[in-house]
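**Q** As input, take work-v8.tsv (TSV, C-alpha atoms and all ligand atoms):
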```tsv
chain	number	residue	atom	x	y	z
A	8	MET	CA	9.91	32.22	0.27
A	9	ASN	CA	9.22	32.27	-3.47
A	10	THR	CA	11.66	30.35	-5.62
A	11	ASP	CA	11.18	27.73	-8.32
A	12	ASN	CA	12.24	24.86	-6.09
A	13	HIS	CA	10.25	25.99	-3.06
A	14	TYR	CA	6.75	24.58	-2.57
A	15	ASP	CA	4.15	25.04	0.15
A	16	ALA	CA	3.76	21.27	0.35
A	17	ILE	CA	5.70	18.26	-0.91
A	18	VAL	CA	3.97	14.89	-1.13
A	19	ILE	CA	6.19	11.79	-1.22
A	20	GLY	CA	4.55	8.90	-3.07
A	21	ALA	CA	2.03	9.04	-5.92
A	22	GLY	CA	-0.32	6.20	-5.12
A	23	PRO	CA	-4.01	6.96	-4.41
A	24	ALA	CA	-3.14	8.56	-1.02
A	25	GLY	CA	-0.51	10.92	-2.45
A	26	LEU	CA	-2.50	11.77	-5.60
A	27	THR	CA	-5.58	12.58	-3.53
A	28	ALA	CA	-3.48	14.81	-1.26
A	29	GLY	CA	-2.14	16.50	-4.41
A	30	ILE	CA	-5.68	17.08	-5.74
A	31	TYR	CA	-6.92	18.64	-2.49
A	32	LEU	CA	-3.83	20.79	-1.90
A	33	SER	CA	-3.60	22.12	-5.46
A	34	ARG	CA	-7.30	22.83	-5.61
A	35	ALA	CA	-6.84	24.95	-2.46
A	36	ARG	CA	-4.21	26.94	-4.44
A	37	ILE	CA	-1.40	25.47	-2.36
A	38	LYS	CA	1.77	25.13	-4.42
A	39	THR	CA	2.36	21.38	-4.36
A	40	LEU	CA	4.96	18.93	-5.68
A	41	ILE	CA	4.48	15.16	-5.67
A	42	ILE	CA	7.66	13.07	-5.84
A	43	ASN	CA	7.37	9.39	-6.76
A	44	GLU	CA	10.16	6.88	-7.11
A	45	GLY	CA	8.35	4.69	-9.65
A	46	THR	CA	5.53	5.06	-12.15
A	47	VAL	CA	2.68	7.25	-10.90
A	48	GLY	CA	-0.21	5.22	-9.45
A	49	GLY	CA	1.48	3.02	-6.85
A	50	GLN	CA	-0.05	-0.40	-6.24
A	51	MET	CA	-3.11	0.57	-8.32
A	52	ILE	CA	-1.11	-0.01	-11.50
A	53	LEU	CA	-0.50	-3.63	-10.44
A	54	THR	CA	-4.25	-4.17	-10.30
A	55	HIS	CA	-5.91	-5.61	-13.35
A	56	GLU	CA	-9.39	-4.49	-12.32
A	57	ILE	CA	-10.57	-2.34	-9.41
A	58	ALA	CA	-14.17	-3.40	-8.89
A	59	ASN	CA	-14.76	-1.87	-5.46
A	60	TYR	CA	-13.98	1.82	-5.96
A	61	PRO	CA	-17.37	3.53	-5.48
A	62	GLY	CA	-18.84	5.25	-8.49
A	63	VAL	CA	-16.49	3.72	-11.05
A	64	GLU	CA	-17.28	0.42	-12.75
A	65	ASN	CA	-15.04	-1.79	-14.88
A	66	ILE	CA	-11.88	0.22	-14.52
A	67	SER	CA	-8.30	-1.02	-14.49
A	68	GLY	CA	-5.96	0.22	-11.77
A	69	TYR	CA	-3.84	1.84	-14.46
A	70	GLN	CA	-6.83	3.84	-15.78
A	71	LEU	CA	-7.91	4.94	-12.30
A	72	ALA	CA	-4.34	6.05	-11.53
A	73	ASN	CA	-4.19	8.09	-14.72
A	74	ILE	CA	-7.49	9.82	-13.98
A	75	MET	CA	-6.23	10.78	-10.49
A	76	LYS	CA	-2.92	12.00	-11.96
A	77	LYS	CA	-4.72	14.10	-14.60
A	78	GLN	CA	-7.02	15.58	-11.95
A	79	ALA	CA	-4.05	16.60	-9.77
A	80	LYS	CA	-2.22	18.16	-12.73
A	81	THR	CA	-5.34	20.02	-13.86
A	82	PHE	CA	-5.41	21.78	-10.51
A	83	GLY	CA	-1.76	22.78	-10.98
A	84	CYS	CA	0.05	20.08	-9.01
A	85	ASP	CA	3.63	19.38	-10.17
A	86	ILE	CA	4.63	15.72	-10.33
A	87	LYS	CA	8.15	14.29	-10.56
A	88	SER	CA	8.21	10.53	-11.11
A	89	ASN	CA	10.79	7.77	-11.64
A	90	ILE	CA	13.28	9.49	-9.38
A	91	ASN	CA	14.73	8.52	-6.00
A	92	ILE	CA	15.06	10.52	-2.82
A	93	GLU	CA	18.71	10.78	-1.75
A	94	ASP	CA	18.21	12.75	1.43
A	95	LEU	CA	15.35	14.10	3.49
A	96	ASP	CA	15.46	16.72	6.22
A	97	LEU	CA	12.12	16.97	8.02
A	98	LYS	CA	13.30	18.98	11.02
A	99	GLY	CA	12.66	22.70	11.37
A	100	ASP	CA	10.16	25.00	9.66
A	101	ILE	CA	11.53	24.39	6.18
A	102	LYS	CA	11.77	20.76	5.06
A	103	LYS	CA	14.25	19.72	2.36
A	104	VAL	CA	14.13	16.83	-0.13
A	105	VAL	CA	17.28	16.01	-2.15
A	106	LEU	CA	16.79	13.87	-5.27
A	107	SER	CA	19.11	11.39	-6.97
A	108	ASP	CA	19.76	13.80	-9.89
A	109	GLY	CA	21.24	16.31	-7.43
A	110	SER	CA	18.26	18.67	-7.49
A	111	PHE	CA	16.55	19.63	-4.24
A	112	PHE	CA	13.18	21.01	-3.18
A	113	THR	CA	12.00	22.72	0.00
A	114	SER	CA	8.57	23.17	1.58
A	115	GLU	CA	6.82	24.11	4.79
A	116	ALA	CA	4.72	20.93	4.88
A	117	VAL	CA	5.39	17.34	3.83
A	118	ILE	CA	2.95	14.47	3.35
A	119	LEU	CA	4.47	10.98	3.42
A	120	SER	CA	2.50	8.47	1.34
A	121	PRO	CA	5.05	5.84	0.21
A	122	GLY	CA	2.65	2.87	0.53
A	123	GLY	CA	3.97	-0.60	1.06
A	124	ARG	CA	4.28	-4.08	-0.35
A	125	SER	CA	3.04	-7.54	0.61
A	126	ARG	CA	5.76	-9.91	1.74
A	127	THR	CA	6.28	-12.50	-1.00
A	128	LEU	CA	7.42	-16.11	-0.80
A	129	GLY	CA	10.27	-15.13	-3.11
A	130	ILE	CA	9.91	-18.20	-5.33
A	131	ALA	CA	10.71	-18.11	-9.05
A	132	GLY	CA	7.62	-17.32	-11.12
A	133	GLU	CA	5.78	-15.46	-8.33
A	134	ASP	CA	5.98	-12.16	-10.18
A	135	ASN	CA	4.76	-13.71	-13.48
A	136	PHE	CA	1.65	-15.18	-11.87
A	137	LYS	CA	0.72	-12.02	-9.88
A	138	GLY	CA	-2.87	-11.24	-10.94
A	139	LYS	CA	-2.91	-14.53	-12.91
A	140	GLY	CA	-3.60	-16.85	-10.01
A	141	ILE	CA	-1.45	-15.32	-7.28
A	142	SER	CA	-3.00	-12.64	-5.07
A	143	TYR	CA	-2.18	-10.82	-1.85
A	144	CYS	CA	-5.66	-9.33	-1.28
A	145	ALA	CA	-8.82	-11.35	-0.55
A	146	THR	CA	-11.09	-8.27	-0.56
A	147	CYS	CA	-9.76	-7.24	-3.98
A	148	ASP	CA	-9.62	-10.62	-5.76
A	149	GLY	CA	-11.81	-13.09	-3.84
A	150	ASP	CA	-14.71	-12.71	-6.27
A	151	PHE	CA	-12.53	-13.85	-9.21
A	152	PHE	CA	-12.23	-17.26	-7.52
A	153	THR	CA	-15.95	-18.06	-7.21
A	154	ASP	CA	-16.43	-21.88	-7.13
A	155	LYS	CA	-12.68	-22.41	-7.54
A	156	GLU	CA	-10.20	-24.36	-5.42
A	157	ILE	CA	-7.59	-22.15	-3.83
A	158	ILE	CA	-4.63	-22.19	-1.45
A	159	VAL	CA	-4.00	-19.70	1.35
A	160	VAL	CA	-0.39	-19.44	2.53
A	161	GLY	CA	0.30	-18.28	6.10
A	162	GLY	CA	-0.53	-19.00	9.71
A	163	GLY	CA	-1.19	-15.64	11.36
A	164	ASN	CA	-4.46	-13.82	12.01
A	165	SER	CA	-4.59	-12.36	8.47
A	166	ALA	CA	-4.14	-15.75	6.80
A	167	LEU	CA	-6.80	-17.46	8.90
A	168	GLU	CA	-9.33	-14.61	8.77
A	169	GLU	CA	-8.86	-14.15	5.02
A	170	ALA	CA	-9.13	-17.93	4.47
A	171	VAL	CA	-12.52	-17.88	6.20
A	172	SER	CA	-13.63	-14.82	4.19
A	173	LEU	CA	-12.54	-16.52	0.93
A	174	THR	CA	-14.93	-19.42	1.64
A	175	LYS	CA	-17.73	-17.03	0.54
A	176	TYR	CA	-16.38	-17.46	-2.99
A	177	ALA	CA	-14.18	-20.53	-3.28
A	178	LYS	CA	-15.55	-24.07	-3.05
A	179	LYS	CA	-12.40	-25.31	-1.27
A	180	VAL	CA	-9.64	-23.48	0.62
A	181	THR	CA	-6.41	-25.24	1.59
A	182	ILE	CA	-4.25	-23.47	4.16
A	183	VAL	CA	-0.54	-24.20	3.74
A	184	HIS	CA	1.54	-23.28	6.79
A	185	GLN	CA	5.20	-23.85	7.58
A	186	PHE	CA	4.80	-24.76	11.27
A	187	ASP	CA	2.71	-27.37	13.14
A	188	HIS	CA	0.82	-24.60	14.97
A	189	PHE	CA	-0.65	-21.16	14.11
A	190	GLN	CA	0.43	-17.70	15.27
A	191	ALA	CA	-3.14	-16.44	15.51
A	192	PHE	CA	-5.82	-15.77	18.12
A	193	GLU	CA	-7.52	-18.92	19.36
A	194	HIS	CA	-10.95	-17.85	18.04
A	195	ALA	CA	-9.51	-17.33	14.51
A	196	VAL	CA	-7.88	-20.79	14.63
A	197	GLU	CA	-11.10	-22.40	15.86
A	198	GLU	CA	-13.22	-20.70	13.20
A	199	ALA	CA	-10.90	-21.87	10.42
A	200	LYS	CA	-10.56	-25.40	11.85
A	201	SER	CA	-14.31	-25.87	12.16
A	202	HIS	CA	-15.08	-24.56	8.67
A	203	PRO	CA	-16.27	-27.36	6.32
A	204	LYS	CA	-14.63	-25.79	3.24
A	205	ILE	CA	-11.16	-25.38	4.82
A	206	ASN	CA	-8.38	-28.02	4.81
A	207	PHE	CA	-4.87	-27.79	6.24
A	208	VAL	CA	-1.43	-28.78	5.00
A	209	MET	CA	0.87	-28.14	7.96
A	210	GLU	CA	4.68	-28.01	8.25
A	211	SER	CA	4.78	-27.36	4.52
A	212	THR	CA	5.60	-24.65	2.03
A	213	ILE	CA	5.17	-23.93	-1.68
A	214	THR	CA	8.41	-24.47	-3.59
A	215	ALA	CA	7.35	-23.98	-7.24
A	216	TYR	CA	4.55	-22.53	-9.39
A	217	HIS	CA	3.39	-24.14	-12.65
A	218	GLY	CA	1.10	-22.98	-15.45
A	219	GLN	CA	0.95	-21.38	-18.88
A	220	ASP	CA	-0.99	-18.07	-18.94
A	221	HIS	CA	-2.55	-18.72	-15.51
A	222	LEU	CA	-1.42	-20.62	-12.43
A	223	GLU	CA	-2.42	-24.30	-12.68
A	224	SER	CA	-0.56	-26.09	-9.91
A	225	VAL	CA	2.10	-25.70	-7.21
A	226	ASP	CA	4.71	-27.96	-5.65
A	227	ILE	CA	4.26	-28.29	-1.89
A	228	LYS	CA	7.17	-29.55	0.20
A	229	ASN	CA	6.66	-31.12	3.61
A	230	LEU	CA	9.37	-29.47	5.70
A	231	ARG	CA	9.55	-32.37	8.18
A	232	THR	CA	9.75	-35.29	5.73
A	233	GLY	CA	11.28	-33.41	2.78
A	234	LYS	CA	8.68	-35.00	0.44
A	235	THR	CA	7.32	-32.79	-2.37
A	236	VAL	CA	3.92	-33.26	-4.06
A	237	ASN	CA	2.32	-31.46	-7.00
A	238	PHE	CA	-1.02	-29.87	-6.04
A	239	LYS	CA	-3.57	-28.65	-8.59
A	240	THR	CA	-5.04	-25.24	-7.74
A	241	ASP	CA	-6.84	-22.29	-9.34
A	242	GLY	CA	-5.17	-19.70	-7.17
A	243	VAL	CA	-2.84	-18.93	-4.29
A	244	PHE	CA	-3.45	-16.15	-1.75
A	245	ILE	CA	-0.32	-15.21	0.20
A	246	PHE	CA	-0.72	-13.62	3.65
A	247	ILE	CA	2.71	-13.76	5.26
A	248	GLY	CA	3.06	-10.13	6.26
A	249	TYR	CA	3.18	-6.60	4.95
A	250	VAL	CA	6.20	-4.31	4.57
A	251	PRO	CA	5.64	-0.51	4.59
A	252	ASN	CA	8.02	1.47	2.33
A	253	THR	CA	9.28	3.53	5.23
A	254	GLU	CA	12.98	2.62	5.35
A	255	PHE	CA	13.84	6.14	4.09
A	256	VAL	CA	12.11	7.86	7.07
A	257	LYS	CA	13.50	5.55	9.79
A	258	GLY	CA	14.80	7.78	12.60
A	259	LYS	CA	13.11	10.85	11.05
A	260	VAL	CA	9.49	10.27	12.15
A	261	GLU	CA	8.04	7.89	14.74
A	262	LEU	CA	7.46	4.37	13.38
A	263	ASN	CA	5.98	1.39	15.26
A	264	GLN	CA	7.78	-1.96	15.57
A	265	TRP	CA	6.59	-2.98	12.09
A	266	GLY	CA	7.89	0.18	10.45
A	267	GLU	CA	4.43	1.75	10.04
A	268	ILE	CA	4.22	5.54	10.48
A	269	VAL	CA	2.48	6.53	13.72
A	270	VAL	CA	-0.20	9.18	13.04
A	271	LYS	CA	-2.83	11.06	15.02
A	272	PRO	CA	-6.45	11.15	13.73
A	273	ASP	CA	-5.59	14.24	11.59
A	274	MET	CA	-2.72	12.24	10.00
A	275	SER	CA	-0.06	14.39	11.68
A	276	THR	CA	3.14	12.56	12.61
A	277	SER	CA	5.63	13.05	15.44
A	278	ILE	CA	7.22	15.94	13.49
A	279	GLU	CA	5.47	19.31	13.13
A	280	GLY	CA	4.44	20.02	9.55
A	281	VAL	CA	4.83	16.37	8.52
A	282	TYR	CA	1.73	14.28	7.77
A	283	ALA	CA	1.32	10.72	6.51
A	284	ALA	CA	-1.39	8.84	4.62
A	285	GLY	CA	-2.23	5.51	3.02
A	286	ASP	CA	-0.84	2.01	3.39
A	287	SER	CA	2.36	3.16	5.15
A	288	ILE	CA	0.59	4.34	8.33
A	289	VAL	CA	-0.53	2.30	11.33
A	290	LYS	CA	-3.89	0.86	10.28
A	291	ARG	CA	-5.68	-2.38	9.68
A	292	TYR	CA	-7.51	-2.07	6.35
A	293	ARG	CA	-5.43	-1.19	3.28
A	294	GLN	CA	-7.54	-0.33	0.25
A	295	VAL	CA	-7.70	2.38	-2.42
A	296	THR	CA	-10.72	3.90	-0.67
A	297	THR	CA	-8.96	4.06	2.71
A	298	ALA	CA	-5.79	5.51	1.10
A	299	VAL	CA	-7.89	8.17	-0.63
A	300	ALA	CA	-9.59	9.02	2.67
A	301	ASP	CA	-6.26	9.31	4.50
A	302	GLY	CA	-4.87	11.52	1.70
A	303	THR	CA	-7.86	13.83	2.02
A	304	ILE	CA	-7.45	14.19	5.79
A	305	ALA	CA	-3.68	14.72	5.54
A	306	ALA	CA	-4.14	17.42	2.86
A	307	LEU	CA	-6.81	19.25	4.86
A	308	ALA	CA	-4.70	19.13	8.03
A	309	ALA	CA	-1.60	20.27	6.12
A	310	SER	CA	-3.63	23.16	4.55
A	311	ASN	CA	-4.72	24.22	8.01
A	312	TYR	CA	-1.12	24.04	9.28
A	313	LEU	CA	0.11	26.16	6.34
A	314	HIS	CA	-2.65	28.69	6.97
A	315	GLU	CA	-1.70	28.93	10.65
A	316	ILE	CA	2.03	29.42	10.06
A	317	LYS	CA	1.30	32.03	7.38
A	318	ALA	CA	-0.97	33.94	9.80
A	319	LYS	CA	1.72	33.76	12.50
A	320	HIS	CA	4.36	35.01	10.05
A	321	ASN	CA	2.15	37.94	8.90
A	322	LYS	CA	1.49	38.92	12.53
A	323	LEU	CA	5.26	39.02	13.20
A	324	ILE	CA	5.79	41.29	10.16
A	325	GLU	CA	2.97	43.63	11.28
A	326	ALA	CA	4.36	43.83	14.86
B	401	LIG	C1	-2.24	-6.74	-6.60
B	401	LIG	C2	-3.03	-5.77	-5.77
B	401	LIG	C3	-4.38	-5.62	-6.00
B	401	LIG	C4	-5.13	-4.70	-5.27
B	401	LIG	N1	-6.45	-4.56	-5.57
B	401	LIG	C5	-7.18	-3.64	-4.90
B	401	LIG	C6	-8.55	-3.46	-5.22
B	401	LIG	O1	-9.10	-4.12	-6.10
B	401	LIG	N2	-9.23	-2.51	-4.52
B	401	LIG	C7	-8.66	-1.77	-3.53
B	401	LIG	O2	-9.33	-0.91	-2.96
B	401	LIG	N3	-7.36	-1.95	-3.20
B	401	LIG	C8	-6.61	-2.86	-3.85
B	401	LIG	N4	-5.30	-3.05	-3.52
B	401	LIG	C9	-4.73	-2.26	-2.42
B	401	LIG	C10	-4.46	-0.82	-2.87
B	401	LIG	O3	-3.81	-0.82	-4.14
B	401	LIG	C11	-3.59	-0.10	-1.84
B	401	LIG	O4	-4.24	-0.15	-0.59
B	401	LIG	C12	-3.36	1.36	-2.23
B	401	LIG	O5	-2.76	1.47	-3.50
B	401	LIG	C13	-2.47	2.07	-1.21
B	401	LIG	O6	-2.28	3.37	-1.63
B	401	LIG	P1	-1.05	4.27	-1.13
B	401	LIG	O7	-1.15	5.54	-1.89
B	401	LIG	O8	-1.00	4.31	0.33
B	401	LIG	O9	0.27	3.48	-1.56
B	401	LIG	P2	0.79	2.85	-2.92
B	401	LIG	O10	-0.31	2.55	-3.85
B	401	LIG	O11	1.68	1.74	-2.49
B	401	LIG	O12	1.66	4.03	-3.56
B	401	LIG	C14	2.83	4.47	-2.95
B	401	LIG	C15	3.72	5.15	-3.99
B	401	LIG	O13	4.85	5.70	-3.31
B	401	LIG	C16	6.04	5.45	-4.05
B	401	LIG	N5	7.16	5.42	-3.12
B	401	LIG	C17	7.51	4.47	-2.23
B	401	LIG	N6	8.62	4.82	-1.57
B	401	LIG	C18	8.99	6.03	-2.06
B	401	LIG	C19	10.07	6.92	-1.79
B	401	LIG	N7	11.00	6.63	-0.88
B	401	LIG	N8	10.17	8.06	-2.51
B	401	LIG	C20	9.23	8.37	-3.44
B	401	LIG	N9	8.19	7.56	-3.74
B	401	LIG	C21	8.06	6.42	-3.05
B	401	LIG	C22	5.77	4.09	-4.72
B	401	LIG	O14	6.58	3.95	-5.87
B	401	LIG	C23	4.29	4.21	-5.05
B	401	LIG	O15	4.12	4.78	-6.32
B	401	LIG	C24	-4.52	-3.93	-4.25
B	401	LIG	C25	-3.15	-4.08	-4.00
B	401	LIG	C26	-2.41	-4.99	-4.75
B	401	LIG	C27	-0.92	-5.14	-4.50
```
Before anything else, please render the file you have as structure tokens.
Ligand SMILES: Cc1cc2nc3c(=O)[nH]c(=O)nc-3n(C[C@H](O)[C@H](O)[C@H](O)COP(=O)(O)OP(=O)(O)OC[C@H]3O[C@@H](n4cnc5c(N)ncnc54)[C@H](O)[C@@H]3O)c2cc1C

**A**
Amino acid sequence: MNTDNHYDAIVIGAGPAGLTAGIYLSRARIKTLIINEGTVGGQMILTHEIANYPGVENISGYQLANIMKKQAKTFGCDIKSNINIEDLDLKGDIKKVVLSDGSFFTSEAVILSPGGRSRTLGIAGEDNFKGKGISYCATCDGDFFTDKEIIVVGGGNSALEEAVSLTKYAKKVTIVHQFDHFQAFEHAVEEAKSHPKINFVMESTITAYHGQDHLESVDIKNLRTGKTVNFKTDGVFIFIGYVPNTEFVKGKVELNQWGEIVVKPDMSTSIEGVYAAGDSIVKRYRQVTTAVADGTIAALAASNYLHEIKAKHNKLIEA
């Protein structure tokens, strides 16, 4: 097939996973289109500074995203951004993606890399203080809170493990949790409870954020007594769950109970010719480096798949 709207591979999502897949595919002379519903870069563009991407120092997420985008385009990758997917047909040899402007694109292979989002408390001001005192990633932002007093919200394994890891930086960590017990493994609860830098405010939740340019304090409401107190803090880390952006592929590829895409080690999904990479797949550690690694594997596996179906097709013609 050789038409303007037919590609060898379509990548859905232009975060680090999708951009990396685009770089590898295009460099292998595979005609590739990346479709992204927002601004190219994904969660990287929400990140003031990415200090843990190997080989690059003092770079903003926005800059890193733009370098990856430029690299993909240099190799000939087409990118369509700020557009929504209306319909997606992943069955059969030729996959079809219909966009909100009525245009459609087809391909033999698809890589899904739509990323995800941290669950928020949904309180007014949360968006304004993101990166200015509110964080959803201890690995990414812990260092910015060296010798500070911080709050961790949540009561699951992530909240307790991240609270303990944040004690490497912060001088005091207060865990705020809505219930009187934790939903975490006993050893994680014990480790947090026995840590000298960690305090607990149970049966409570944050109800308001206060500050000028940076978060300065929060209101904490005791859910049993109804009493609210103002609590001074340098930062709040929220670990109350993660939501993969996979609603649009529900029923089209296998997802686990949390909506994460189930992949094999080569990033192939339950559907032939469909691969997935990055924060949207079943995995534990979600970072730019891990997304980039997944994107690489998915692109190499998709290249191999395209090579195999082309060889099969040529054999049929010869026969
Ligand atoms: C505030 C913050 C700070 C962080 N700091 C760091 C850090 O310092 N270091 C680090 O390594 N990691 C950091 N991370 C984590 C890192 O950004 C993510 O792990 C990484 O971006 C995941 O890459 P991804 O490509 O899988 O997904 P994403 O970056 O989420 O990109 C997915 C893209 O897909 C698009 N998309 C979603 N649904 C659709 C759809 N239906 N159709 C088309 N497009 C779609 C989205 O618009 C988005 O552009 C941070 C995350 C956050 C939120």

**Q** Each residue of segment 173-215 of chain A lying at most 6 Å from segment 143-162 of chain A should get a row with its shortest atom-to-atom pair and the distance in Å to one decimal, counting all atoms listed in the file; could you produce that, ordered by chain and increasing number, as a tab-separated table?

**A**
```
residue	atom	partner	partner_atom	distance
A:Leu173	CA	A:Gly149	CA	5.9
A:Tyr176	CA	A:Thr153	CA	4.3
A:Ala177	CA	A:Asp154	CA	4.7
A:Lys178	CA	A:Asp154	CA	4.7
A:Lys179	CA	A:Glu156	CA	4.8
A:Val180	CA	A:Ile157	CA	5.1
A:Thr181	CA	A:Ile158	CA	4.7
A:Ile182	CA	A:Val159	CA	4.7
A:Val183	CA	A:Val160	CA	4.9
A:His184	CA	A:Gly161	CA	5.2
A:Phe189	CA	A:Gly162	CA	4.9
A:Gln190	CA	A:Gly162	CA	5.8
```

**Q** So what do you get for atom CA of Lys175 of chain A versus atom CA of Ile205 of chain A, distance-wise?

**A**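 Pair atom CA of Lys175 of chain A / atom CA of Ile205 of chain A returns 11.5 Å.
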
**Q** 7 Å from ligand LIG 401 (chain B) is the threshold here; counting all atoms listed in the file, which polymer residues fall inside it? Answer as a PyMOL selection string.

**A** chain A and resi 19-25+42-51+53-54+56-60+91-92+120-125+137-138+142-144+147-148+252-253+255+284-287+293-296+298

**Q** Build an axis-aligned box that encloses every atom of segment 125-136 of chain A listed in the file, pad it by 4 Å on each side, and report its centre and edge lengths in Å to one decimal, as AutoDock Vina command-line options.

**A**
```
--center_x 6.2 --center_y -12.9 --center_z -5.9 --size_x 17.1 --size_y 18.7 --size_z 23.2
```

**Q** Could you check the closest approach to His217 of chain A for each of A:Asp187, A:Glu198, A:Glu133, A:Asp273 and tell me which residue wins, using all atoms listed in the file?

**A** A:Glu133

**Q** What are the closest atom pairs, with distances in Å to one decimal, for all residues of segment 58-138 of chain A lying within 9 Å of segment 28-36 of chain A? Consider only C-alpha atoms, order rows by chain and residue number, and present the result as CSV.

**A**
```
residue,atom,partner,partner_atom,distance
A:Met75,CA,A:Ile30,CA,7.9
A:Lys76,CA,A:Ile30,CA,8.5
A:Gln78,CA,A:Ile30,CA,6.5
A:Ala79,CA,A:Ile30,CA,4.4
A:Lys80,CA,A:Ile30,CA,7.9
A:Thr81,CA,A:Ile30,CA,8.6
A:Phe82,CA,A:Arg34,CA,5.4
A:Gly83,CA,A:Ser33,CA,5.9
A:Cys84,CA,A:Ser33,CA,5.5
A:Asp85,CA,A:Gly29,CA,8.6
A:Ile118,CA,A:Ala28,CA,7.9
```

**Q** For Ala72 of chain A, which residue among A:His13, A:Leu26, A:Asp226, A:Ile213 is the nearest when counting all atoms listed in the file?

**A**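 Among A:His13, A:Leu26, A:Asp226, A:Ile213, it is A:Leu26 that comes nearest to Ala72 of chain A.
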
**Q** Any idea what the distance is between atom CA of Ser165 of chain A and atom CA of Phe246 of chain A?

**A** 6.3 Å

**Q** Quick one: residues within 9 Å of Tyr282 of chain A, all atoms listed in the file, excluding same-chain residues fewer than 6 positions away - as a list in words?

**A**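 Surrounding residues, per the criterion: Ala116, Val117, Ile118, Leu119, Ser120, Val270, Asp273, Met274, Ser275, Thr276, Ala305, Ala306, Ala308 and Ala309 of chain A.
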
**Q** Residues at most 12 Å from Gln219 of chain A, counting all atoms listed in the file, excluding those fewer than 6 positions away in the same chain, as a PyMOL selection string?

**A** chain A and resi 132+135-136+139-140

**Q** With C-alpha atoms kept, could you save the residues just selected as a PDB file, in the frame of the given file?

**A**
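Output saved as selection_33.pdb:
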```pdb
ATOM      1  CA  GLY A 132       7.620 -17.320 -11.120  1.00  0.00           C
ATOM      2  CA  ASN A 135       4.760 -13.710 -13.480  1.00  0.00           C
ATOM      3  CA  PHE A 136       1.650 -15.180 -11.870  1.00  0.00           C
ATOM      4  CA  LYS A 139      -2.910 -14.530 -12.910  1.00  0.00           C
ATOM      5  CA  GLY A 140      -3.600 -16.850 -10.010  1.00  0.00           C
TER       6      GLY A 140
END
```

**Q** Of the residues A:His320, A:Arg231, A:Arg291, A:Lys102, which is the one nearest to Met209 of chain A, using all atoms listed in the file?

**A**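 Looking only at the distances to Met209 of chain A, the closest residue turns out to be A:Arg231.
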
**Q** Check the smallest atom-to-atom distance from each of A:Phe238, A:Ser114, A:Ser201, A:His188 to Ala215 of chain A using only C-alpha atoms, then report the winner.

**A**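 Comparing A:Phe238, A:Ser114, A:Ser201, A:His188 against Ala215 of chain A, the winner is A:Phe238.
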
**Q** Which residue out of A:Gly129, A:Phe207, A:Val18, A:Thr10 has the minimum interatomic distance to Ala283 of chain A when only C-alpha atoms are used?

**A**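 When distances to Ala283 of chain A are compared using only C-alpha atoms, the smallest one comes from A:Val18.
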
**Q** Report the distance between atom CA of Glu267 of chain A and atom CA of Ile101 of chain A in Å, rounded to one decimal place.

**A**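 Spanning atom CA of Glu267 of chain A to atom CA of Ile101 of chain A is a straight-line distance of 24.0 Å.
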
**Q** Using only C-alpha atoms, which of A:Tyr292, A:His314, A:Gly218, A:Glu261 sits nearest Asp241 of chain A?

**A**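 Counting only C-alpha atoms, the residue closest to Asp241 of chain A is A:Gly218.
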
**Q** Quick one: everything within 8 Å of Gly266 of chain A, counting only C-alpha atoms, minus sequence neighbours fewer than 5 positions away in the same chain. Send it as a list in words.

**A** Val250, Pro251, Thr253, Glu254 and Lys257 of chain A

**Q** N, CA and C atoms for segment 53-61 of chain A, written as a CSV table (one decimal), in the frame of the given file, could you do that?

**A**
```csv
chain,number,residue,atom,x,y,z
A,53,LEU,N,-0.7,-2.2,-10.4
A,53,LEU,CA,-0.5,-3.6,-10.4
A,53,LEU,C,-1.8,-4.4,-10.5
A,54,THR,N,-2.9,-3.6,-10.5
A,54,THR,CA,-4.2,-4.2,-10.3
A,54,THR,C,-5.0,-4.2,-11.6
A,55,HIS,N,-5.3,-5.4,-12.1
A,55,HIS,CA,-5.9,-5.6,-13.4
A,55,HIS,C,-7.3,-4.9,-13.4
A,56,GLU,N,-8.1,-5.1,-12.4
A,56,GLU,CA,-9.4,-4.5,-12.3
A,56,GLU,C,-9.7,-4.0,-10.9
A,57,ILE,N,-10.1,-2.8,-10.7
A,57,ILE,CA,-10.6,-2.3,-9.4
A,57,ILE,C,-12.1,-2.3,-9.4
A,58,ALA,N,-12.7,-3.3,-8.8
A,58,ALA,CA,-14.2,-3.4,-8.9
A,58,ALA,C,-14.9,-2.8,-7.7
A,59,ASN,N,-14.1,-2.3,-6.7
A,59,ASN,CA,-14.8,-1.9,-5.5
A,59,ASN,C,-14.5,-0.4,-5.2
A,60,TYR,N,-14.1,0.4,-6.2
A,60,TYR,CA,-14.0,1.8,-6.0
A,60,TYR,C,-15.3,2.5,-6.3
A,61,PRO,N,-16.0,3.1,-5.3
A,61,PRO,CA,-17.4,3.5,-5.5
A,61,PRO,C,-17.5,4.5,-6.6
```
